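Chemist: work_10.tsv (TSV, C-alpha atoms) pasted underneath:
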```
chain	number	residue	atom	x	y	z
A	1	MET	CA	101.23	179.78	127.57
A	2	SER	CA	104.58	178.51	128.43
A	3	LEU	CA	103.02	175.38	129.70
A	4	ALA	CA	101.03	175.05	126.54
A	5	SER	CA	104.01	175.76	124.43
A	6	GLY	CA	106.11	173.43	126.52
A	7	SER	CA	103.57	170.74	126.23
A	8	SER	CA	103.28	171.28	122.52
A	9	THR	CA	107.00	171.36	121.97
A	10	ARG	CA	107.68	168.35	124.23
A	11	ARG	CA	109.81	165.75	122.37
A	12	ARG	CA	108.11	162.49	121.94
A	13	THR	CA	110.05	159.23	122.36
A	14	PRO	CA	109.91	157.06	119.27
A	15	GLU	CA	108.02	153.82	119.65
A	16	GLU	CA	110.13	150.70	119.64
A	17	PRO	CA	109.54	148.76	116.49
A	18	LYS	CA	107.73	145.44	116.96
A	19	PRO	CA	109.67	142.34	115.99
A	20	PRO	CA	108.47	141.05	112.67
A	21	GLU	CA	106.34	137.90	112.88
A	22	GLU	CA	108.02	134.80	111.53
A	23	ALA	CA	106.35	133.47	108.49
A	24	PRO	CA	105.43	129.77	108.71
A	25	ALA	CA	107.98	127.59	107.04
A	26	PRO	CA	106.74	125.86	103.93
A	27	ASP	CA	105.96	122.13	104.32
A	28	THR	CA	108.66	120.35	102.35
A	29	GLY	CA	107.84	116.86	103.62
A	30	THR	CA	110.95	116.68	105.83
A	31	PRO	CA	110.68	116.41	109.61
A	32	PRO	CA	111.36	119.61	111.57
A	33	VAL	CA	114.69	120.00	113.31
A	34	ALA	CA	115.00	121.17	116.90
A	35	THR	CA	117.42	124.08	117.17
A	36	GLN	CA	117.65	124.19	120.95
A	37	GLY	CA	120.47	122.48	122.73
A	38	PRO	CA	124.06	121.87	121.80
A	39	ALA	CA	123.18	119.74	118.79
A	40	ALA	CA	120.23	119.67	116.47
A	41	VAL	CA	118.21	116.49	116.91
A	42	PRO	CA	115.72	115.53	114.19
A	43	LEU	CA	112.18	115.13	115.41
A	44	ILE	CA	110.48	112.08	113.94
A	45	ARG	CA	106.87	112.58	113.13
A	46	PRO	CA	104.33	109.92	114.06
A	47	GLY	CA	103.72	109.13	110.42
A	48	GLY	CA	107.39	108.51	109.61
A	49	PRO	CA	109.05	105.16	108.92
A	50	ARG	CA	108.90	102.69	111.78
A	51	SER	CA	111.39	100.15	112.88
A	52	ARG	CA	110.90	96.61	111.60
A	53	ARG	CA	112.22	94.90	114.71
A	54	PRO	CA	108.82	94.52	116.42
A	55	SER	CA	107.61	92.40	113.46
A	56	LEU	CA	110.27	89.81	114.24
A	57	LEU	CA	108.70	88.86	117.55
A	58	PRO	CA	105.36	87.64	116.13
A	59	ARG	CA	107.18	85.48	113.62
A	60	VAL	CA	109.32	83.91	116.32
A	61	LEU	CA	106.22	83.29	118.43
A	62	ARG	CA	104.41	81.71	115.50
A	63	ALA	CA	107.37	79.46	114.74
A	64	ALA	CA	107.62	78.40	118.39
A	65	LEU	CA	103.88	77.73	118.53
A	66	THR	CA	104.03	75.64	115.35
A	67	ALA	CA	106.95	73.61	116.67
A	68	ALA	CA	105.18	73.06	119.99
A	69	THR	CA	101.99	71.97	118.24
A	70	LYS	CA	103.84	69.46	116.09
A	71	SER	CA	105.81	68.00	118.99
A	72	VAL	CA	103.06	67.85	121.62
A	73	ALA	CA	101.84	64.41	120.47
A	74	ILE	CA	105.36	62.96	120.58
A	75	LEU	CA	106.00	64.48	123.99
A	76	ALA	CA	102.72	63.01	125.24
A	77	LEU	CA	103.74	59.57	123.95
A	78	LEU	CA	107.14	59.77	125.65
A	79	LEU	CA	105.53	60.93	128.88
A	80	ALA	CA	103.08	58.02	128.80
A	81	TRP	CA	105.96	55.66	128.02
A	82	GLU	CA	107.85	56.96	131.05
A	83	LEU	CA	104.96	56.92	133.52
A	84	ALA	CA	103.11	53.72	132.54
A	85	PRO	CA	105.88	51.30	133.67
A	86	ARG	CA	106.60	53.32	136.81
A	87	PHE	CA	102.99	53.24	137.97
A	88	GLY	CA	102.62	49.53	137.20
A	89	LEU	CA	100.25	49.94	134.25
A	90	VAL	CA	102.55	47.68	132.19
A	91	ASP	CA	105.30	45.26	133.16
A	92	ARG	CA	108.54	47.23	133.14
A	93	THR	CA	110.44	44.02	132.39
A	94	PHE	CA	109.03	44.03	128.86
A	95	LEU	CA	108.48	47.79	128.51
A	96	PRO	CA	111.06	49.72	130.54
A	97	PRO	CA	110.63	53.47	131.11
A	98	PHE	CA	111.84	55.75	128.37
A	99	SER	CA	114.62	57.10	130.59
A	100	GLU	CA	116.17	53.60	130.78
A	101	VAL	CA	115.88	53.25	127.01
A	102	ALA	CA	117.57	56.63	126.55
A	103	ARG	CA	120.37	55.54	128.90
A	104	ALA	CA	120.85	52.31	126.96
A	105	TRP	CA	120.84	54.28	123.68
A	106	TRP	CA	123.61	56.53	124.98
A	107	GLU	CA	125.66	53.51	126.04
A	108	LEU	CA	125.35	52.08	122.53
A	109	VAL	CA	126.48	55.43	121.14
A	110	THR	CA	129.53	55.68	123.42
A	111	ASN	CA	130.76	52.13	122.77
A	112	GLY	CA	130.32	52.52	119.00
A	113	GLN	CA	127.84	49.68	118.46
A	114	LEU	CA	125.01	51.96	117.34
A	115	ALA	CA	127.15	53.81	114.80
A	116	ASP	CA	128.52	50.60	113.25
A	117	ASN	CA	125.13	48.93	112.95
A	118	ALA	CA	123.40	52.09	111.70
A	119	GLN	CA	126.08	52.59	109.05
A	120	ALA	CA	125.66	49.03	107.78
A	121	SER	CA	121.89	49.44	107.54
A	122	LEU	CA	122.04	52.85	105.87
A	123	VAL	CA	124.48	51.67	103.20
A	124	ARG	CA	122.24	48.73	102.30
A	125	SER	CA	119.03	50.74	102.44
A	126	PHE	CA	120.26	53.73	100.43
A	127	SER	CA	121.92	51.49	97.84
A	128	GLY	CA	118.74	49.51	97.21
A	129	PHE	CA	116.60	52.63	97.30
A	130	GLY	CA	118.82	54.47	94.81
A	131	ILE	CA	118.82	51.55	92.38
A	132	ALA	CA	115.03	51.28	92.62
A	133	VAL	CA	114.59	55.00	91.85
A	134	ALA	CA	117.03	54.88	88.94
A	135	VAL	CA	115.21	51.94	87.37
A	136	SER	CA	111.55	52.49	88.27
A	137	VAL	CA	111.14	56.19	87.37
A	138	PRO	CA	112.29	55.90	83.71
A	139	LEU	CA	110.41	52.62	83.30
A	140	GLY	CA	107.26	54.12	84.78
A	141	LEU	CA	107.49	57.16	82.49
A	142	LEU	CA	107.90	54.85	79.49
A	143	ILE	CA	104.97	52.63	80.45
A	144	GLY	CA	102.73	55.59	81.23
A	145	TRP	CA	103.57	57.41	78.02
A	146	TYR	CA	103.20	54.48	75.60
A	147	ARG	CA	99.90	52.66	75.99
A	148	PRO	CA	100.96	49.48	74.07
A	149	VAL	CA	103.86	48.93	76.49
A	150	ALA	CA	101.48	49.30	79.44
A	151	ASP	CA	99.01	46.80	77.97
A	152	LEU	CA	101.84	44.31	77.43
A	153	LEU	CA	103.45	44.55	80.87
A	154	ASN	CA	100.48	45.31	83.12
A	155	PRO	CA	99.48	41.65	83.89
A	156	LEU	CA	103.05	40.76	84.84
A	157	LEU	CA	103.44	43.88	86.97
A	158	GLN	CA	100.24	43.12	88.85
A	159	VAL	CA	101.58	39.67	89.75
A	160	PHE	CA	104.79	41.09	91.21
A	161	LEU	CA	102.95	43.92	92.96
A	162	ASN	CA	100.79	41.49	94.90
A	163	THR	CA	103.74	39.30	95.93
A	164	ALA	CA	105.14	40.44	99.27
A	165	ALA	CA	108.85	41.16	99.33
A	166	LEU	CA	109.41	39.34	102.62
A	167	ALA	CA	107.75	36.24	101.17
A	168	LEU	CA	110.49	36.17	98.53
A	169	LEU	CA	113.30	36.68	101.03
A	170	PRO	CA	114.17	32.95	101.23
A	171	VAL	CA	114.32	32.89	97.42
A	172	PHE	CA	116.75	35.81	97.36
A	173	VAL	CA	118.89	34.14	100.03
A	174	LEU	CA	118.96	30.83	98.12
A	175	LEU	CA	119.82	32.49	94.82
A	176	LEU	CA	122.18	35.24	96.01
A	177	GLY	CA	123.49	33.95	99.34
A	178	ILE	CA	123.35	35.60	102.75
A	179	GLY	CA	125.76	38.38	101.87
A	180	GLU	CA	125.13	42.00	100.95
A	181	THR	CA	123.76	41.21	97.49
A	182	SER	CA	120.63	39.47	98.74
A	183	LYS	CA	119.81	42.24	101.23
A	184	ILE	CA	120.23	45.03	98.69
A	185	SER	CA	118.23	43.07	96.13
A	186	ILE	CA	115.28	42.58	98.45
A	187	VAL	CA	115.28	46.34	99.14
A	188	VAL	CA	115.32	47.04	95.39
A	189	TYR	CA	112.40	44.69	94.85
A	190	ALA	CA	110.34	46.18	97.68
A	191	CYS	CA	110.99	49.81	96.66
A	192	ALA	CA	110.50	49.38	92.92
A	193	TRP	CA	106.74	48.82	92.89
A	194	PRO	CA	105.51	51.92	94.76
A	195	ILE	CA	107.73	54.11	92.62
A	196	LEU	CA	106.79	52.36	89.37
A	197	PHE	CA	103.02	52.43	89.79
A	198	ASN	CA	102.94	56.00	91.12
A	199	THR	CA	105.01	57.11	88.13
A	200	ILE	CA	102.64	55.38	85.71
A	201	SER	CA	99.65	56.97	87.44
A	202	ALA	CA	101.34	60.38	87.39
A	203	VAL	CA	101.82	60.30	83.62
A	204	ARG	CA	98.29	59.10	82.93
A	205	THR	CA	96.57	61.61	85.19
A	206	VAL	CA	98.11	64.79	83.79
A	207	ASP	CA	95.52	67.54	83.39
A	208	PRO	CA	94.02	67.18	79.88
A	209	THR	CA	93.67	70.96	79.66
A	210	LEU	CA	97.44	71.33	79.88
A	211	LEU	CA	97.90	68.75	77.14
A	212	ARG	CA	95.42	70.52	74.83
A	213	LEU	CA	97.09	73.88	75.41
A	214	ALA	CA	100.51	72.41	74.73
A	215	LYS	CA	99.33	70.69	71.56
A	216	SER	CA	97.74	73.93	70.38
A	217	MET	CA	101.22	75.48	70.40
A	218	ASP	CA	102.51	72.75	68.08
A	219	LEU	CA	104.96	71.32	70.58
A	220	SER	CA	106.78	68.21	69.49
A	221	ALA	CA	106.40	65.00	71.48
A	222	PRO	CA	109.78	65.30	73.25
A	223	ARG	CA	109.13	68.95	74.14
A	224	LEU	CA	105.61	68.11	75.32
A	225	PHE	CA	107.02	65.41	77.56
A	226	GLN	CA	109.78	67.69	78.89
A	227	LYS	CA	107.71	70.84	79.46
A	228	VAL	CA	104.32	69.46	80.49
A	229	ILE	CA	104.26	65.76	81.36
A	230	LEU	CA	107.38	65.56	83.49
A	231	PRO	CA	106.81	68.70	85.64
A	232	ALA	CA	103.16	67.82	86.24
A	233	SER	CA	104.15	64.29	87.31
A	234	VAL	CA	106.67	65.30	89.96
A	235	PRO	CA	104.28	65.42	92.98
A	236	THR	CA	102.78	61.98	92.34
A	237	ILE	CA	106.17	60.47	91.57
A	238	PHE	CA	107.53	61.75	94.86
A	239	THR	CA	104.58	60.22	96.68
A	240	GLY	CA	105.79	56.84	95.48
A	241	ILE	CA	109.39	57.70	96.31
A	242	ARG	CA	108.45	58.62	99.87
A	243	LEU	CA	106.53	55.38	100.27
A	244	ALA	CA	109.52	53.49	98.94
A	245	GLY	CA	111.81	55.28	101.40
A	246	ALA	CA	109.77	53.97	104.33
A	247	VAL	CA	109.56	50.49	102.79
A	248	SER	CA	113.33	50.34	102.26
A	249	ILE	CA	114.05	50.63	105.97
A	250	VAL	CA	111.29	48.27	107.12
A	251	VAL	CA	112.16	45.50	104.67
A	252	LEU	CA	115.87	45.81	105.35
A	253	VAL	CA	115.42	45.48	109.11
A	254	ALA	CA	113.36	42.34	108.58
A	255	ALA	CA	116.04	40.94	106.26
A	256	GLU	CA	118.79	41.72	108.75
A	257	MET	CA	116.94	39.79	111.44
A	258	ILE	CA	117.24	36.59	109.42
A	259	GLY	CA	120.78	36.51	108.16
A	260	ALA	CA	123.16	39.31	109.05
A	261	LYS	CA	126.10	40.02	111.32
A	262	ALA	CA	125.62	43.80	111.45
A	263	GLY	CA	122.82	46.28	111.09
A	264	LEU	CA	120.00	47.68	113.17
A	265	GLY	CA	117.86	44.59	112.54
A	266	TYR	CA	120.70	42.41	113.79
A	267	LEU	CA	121.07	44.66	116.86
A	268	ILE	CA	117.38	44.38	117.70
A	269	ASN	CA	117.33	40.62	117.20
A	270	ALA	CA	120.49	40.03	119.24
A	271	SER	CA	119.20	42.24	122.05
A	272	GLN	CA	116.00	40.22	122.17
A	273	TYR	CA	117.88	36.93	122.40
A	274	ASN	CA	120.10	38.28	125.18
A	275	PHE	CA	117.06	39.79	126.93
A	276	ALA	CA	118.63	43.24	126.76
A	277	ILE	CA	115.23	44.92	126.42
A	278	PRO	CA	116.38	48.57	126.76
A	279	GLN	CA	118.93	48.05	123.97
A	280	MET	CA	116.23	46.48	121.82
A	281	TYR	CA	113.98	49.52	122.20
A	282	ALA	CA	116.97	51.80	121.58
A	283	GLY	CA	117.44	50.14	118.20
A	284	ILE	CA	113.74	50.54	117.40
A	285	VAL	CA	113.81	54.24	118.31
A	286	THR	CA	116.87	54.73	116.12
A	287	ILE	CA	115.07	53.18	113.16
A	288	SER	CA	112.09	55.49	113.72
A	289	VAL	CA	114.32	58.58	113.87
A	290	ILE	CA	116.15	57.58	110.69
A	291	GLY	CA	112.84	57.00	108.90
A	292	VAL	CA	111.46	60.41	109.91
A	293	ALA	CA	114.68	62.19	108.90
A	294	PHE	CA	114.76	60.41	105.54
A	295	ASN	CA	111.14	61.33	104.87
A	296	GLN	CA	111.80	65.00	105.69
A	297	LEU	CA	114.75	64.98	103.31
A	298	LEU	CA	112.55	63.65	100.50
A	299	VAL	CA	109.90	66.28	101.29
A	300	ALA	CA	112.53	69.02	101.00
A	301	VAL	CA	113.71	67.65	97.63
A	302	GLU	CA	110.11	67.47	96.42
A	303	LYS	CA	109.50	71.12	97.34
A	304	ARG	CA	112.68	72.07	95.54
A	305	LEU	CA	111.69	70.29	92.32
A	306	SER	CA	108.06	71.44	92.39
A	307	SER	CA	108.64	75.06	93.40
A	308	TRP	CA	106.70	76.18	90.32
A	309	ARG	CA	103.43	75.02	91.87
A	310	VAL	CA	101.14	77.67	93.34
A	311	PRO	CA	100.35	76.79	96.98
A	312	ALA	CA	96.70	76.20	97.72
A	313	THR	CA	94.97	79.00	99.63
A	314	ARG	CA	92.87	78.12	102.66
```
Render the structure in this file as structure tokens.
Modeler:
Amino acid sequence: MSLASGSSTRRRTPEEPKPPEEAPAPDTGTPPVATQGPAAVPLIRPGGPRSRRPSLLPRVLRAALTAATKSVAILALLLAWELAPRFGLVDRTFLPPFSEVARAWWELVTNGQLADNAQASLVRSFSGFGIAVAVSVPLGLLIGWYRPVADLLNPLLQVFLNTAALALLPVFVLLLGIGETSKISIVVYACAWPILFNTISAVRTVDPTLLRLAKSMDLSAPRLFQKVILPASVPTIFTGIRLAGAVSIVVLVAAEMIGAKAGLGYLINASQYNFAIPQMYAGIVTISVIGVAFNQLLVAVEKRLSSWRVPATR
């Protein structure tokens, strides 16, 4: 009985309460924060924002690949130029290796001859080229816009177009002397015709749809010319300007070979007479580099003035 009563009256130990379960935190769109450690470090989820640095590498690789593709033909030409004389494929007396030409070019740079002659040629070429642009572009716009003026001047323009500039060089020398005036004038004459005829063609070949849309808005003739004709003519006009830029250097060099005391044409001609063949090729290479740089400058100006055009998709 006592055992029963003892067992019945035995004090029970209270059960330890279970720790309450943590409710899941609501998803607020922010990354969870680690609470362990001395400082809380945010954990970035896989779907979070990524760094943009890896995208820079493909662009650099594409730019390097484009530059290598554009320069591979020139490098192949220079390599052939270097190896052909050394292996006896051509006479190195008349075509020295490119390394000798580069050495001669550096000597001309150090003694100042290349800079003086290049400066004389550039002043003449840019002066004649600038005058030709200033005269031919407005005249071409006028002739292309007014049909009666084109019908009046077209026969005379065709005569001058088909007369080579170098054929008239003795005439310019006889009339203007052997000074700077004759050389700049021959450059003006040679550059004027590509610019003039491309400008006339640009005005006449404007999209007729654009003209009809502009006329439907009751634009006046000056506004039509300013807003439609002139912007649409820029690409074709710059085609003529780029052609004239190449012509200005070629014609000037030929003129300097006849009667000049300075200039790249004079340098090439004097090197030939003195049988300084590496210096002669150094002058030719300099002319080529100047021509390429001038053309790239004109391309950049054209892109700037025709930035409104939508690039063609391929």
Chemist: Tell me, as a ChimeraX atom specification, which residues lie within 10 Å of Leu168 (chain A), counting all atoms listed in the file; anything in the same chain fewer than 4 positions away does not count.
Modeler: /A:163-164,172-173,186,189
Chemist: Between CA of Ala104 (chain A) and CA of Tyr273 (chain A), what distance in Å does the model show, to one decimal?
Modeler: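 Computing the Euclidean distance for CA of Ala104 (chain A) and CA of Tyr273 (chain A) yields 16.3 Å.
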Chemist: Pick out the residues sitting within 12 Å of Leu305 (chain A), and hand them over as a list of chain:residue names; count all atoms listed in the file, and ignore anything fewer than 4 positions along from it in its own chain.
Modeler: A:Leu230, A:Pro231, A:Ala232, A:Ser233, A:Val234, A:Pro235, A:Ile237, A:Phe238, A:Leu298, A:Val299, A:Ala300, A:Val301, A:Arg309
Chemist: To one decimal in Å, tell me the separation between CA of Ile287 (chain A) and CA of Val188 (chain A).
Modeler: 18.8 Å
Chemist: Show me, as JSON lines, the residues of region 159-273 of chain A having an atom within 8 Å of region 136-141 of chain A, each with the closest atom pair and its distance in Å, using all atoms listed in the file.
Modeler:
```
{"residue": "A:Ala192", "atom": "CA", "partner": "A:Ser136", "partner_atom": "CA", "distance": 5.7}
{"residue": "A:Trp193", "atom": "CA", "partner": "A:Ser136", "partner_atom": "CA", "distance": 7.6}
{"residue": "A:Ile195", "atom": "CA", "partner": "A:Ser136", "partner_atom": "CA", "distance": 6.0}
{"residue": "A:Leu196", "atom": "CA", "partner": "A:Ser136", "partner_atom": "CA", "distance": 4.9}
{"residue": "A:Phe197", "atom": "CA", "partner": "A:Gly140", "partner_atom": "CA", "distance": 6.8}
{"residue": "A:Asn198", "atom": "CA", "partner": "A:Gly140", "partner_atom": "CA", "distance": 7.9}
{"residue": "A:Thr199", "atom": "CA", "partner": "A:Gly140", "partner_atom": "CA", "distance": 5.0}
{"residue": "A:Ile200", "atom": "CA", "partner": "A:Gly140", "partner_atom": "CA", "distance": 4.9}
{"residue": "A:Val203", "atom": "CA", "partner": "A:Leu141", "partner_atom": "CA", "distance": 6.6}
{"residue": "A:Ile237", "atom": "CA", "partner": "A:Val137", "partner_atom": "CA", "distance": 7.8}
```
Chemist: Please, could you write that set of residues out with C-alpha atoms as a PDB file, in the coordinates of the input?
Modeler:
```pdb
ATOM      1  CA  ALA A 192     110.500  49.380  92.920  1.00  0.00           C
ATOM      2  CA  TRP A 193     106.740  48.820  92.890  1.00  0.00           C
ATOM      3  CA  ILE A 195     107.730  54.110  92.620  1.00  0.00           C
ATOM      4  CA  LEU A 196     106.790  52.360  89.370  1.00  0.00           C
ATOM      5  CA  PHE A 197     103.020  52.430  89.790  1.00  0.00           C
ATOM      6  CA  ASN A 198     102.940  56.000  91.120  1.00  0.00           C
ATOM      7  CA  THR A 199     105.010  57.110  88.130  1.00  0.00           C
ATOM      8  CA  ILE A 200     102.640  55.380  85.710  1.00  0.00           C
ATOM      9  CA  VAL A 203     101.820  60.300  83.620  1.00  0.00           C
ATOM     10  CA  ILE A 237     106.170  60.470  91.570  1.00  0.00           C
TER      11      ILE A 237
END
```
Chemist: To one decimal place in Å, what is the distance between CA of Gln158 (chain A) and CA of Thr236 (chain A)?
Modeler: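 About the pair CA of Gln158 (chain A) and CA of Thr236 (chain A): they are 19.3 Å apart.
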Chemist: Could you list, as a ChimeraX atom specification, every residue within 10 Å of Gln279 (chain A), counting all atoms listed in the file and ignoring same-chain residues fewer than 5 positions away?
Modeler: /A:100-108,114,267-268,270-272,274,284-285
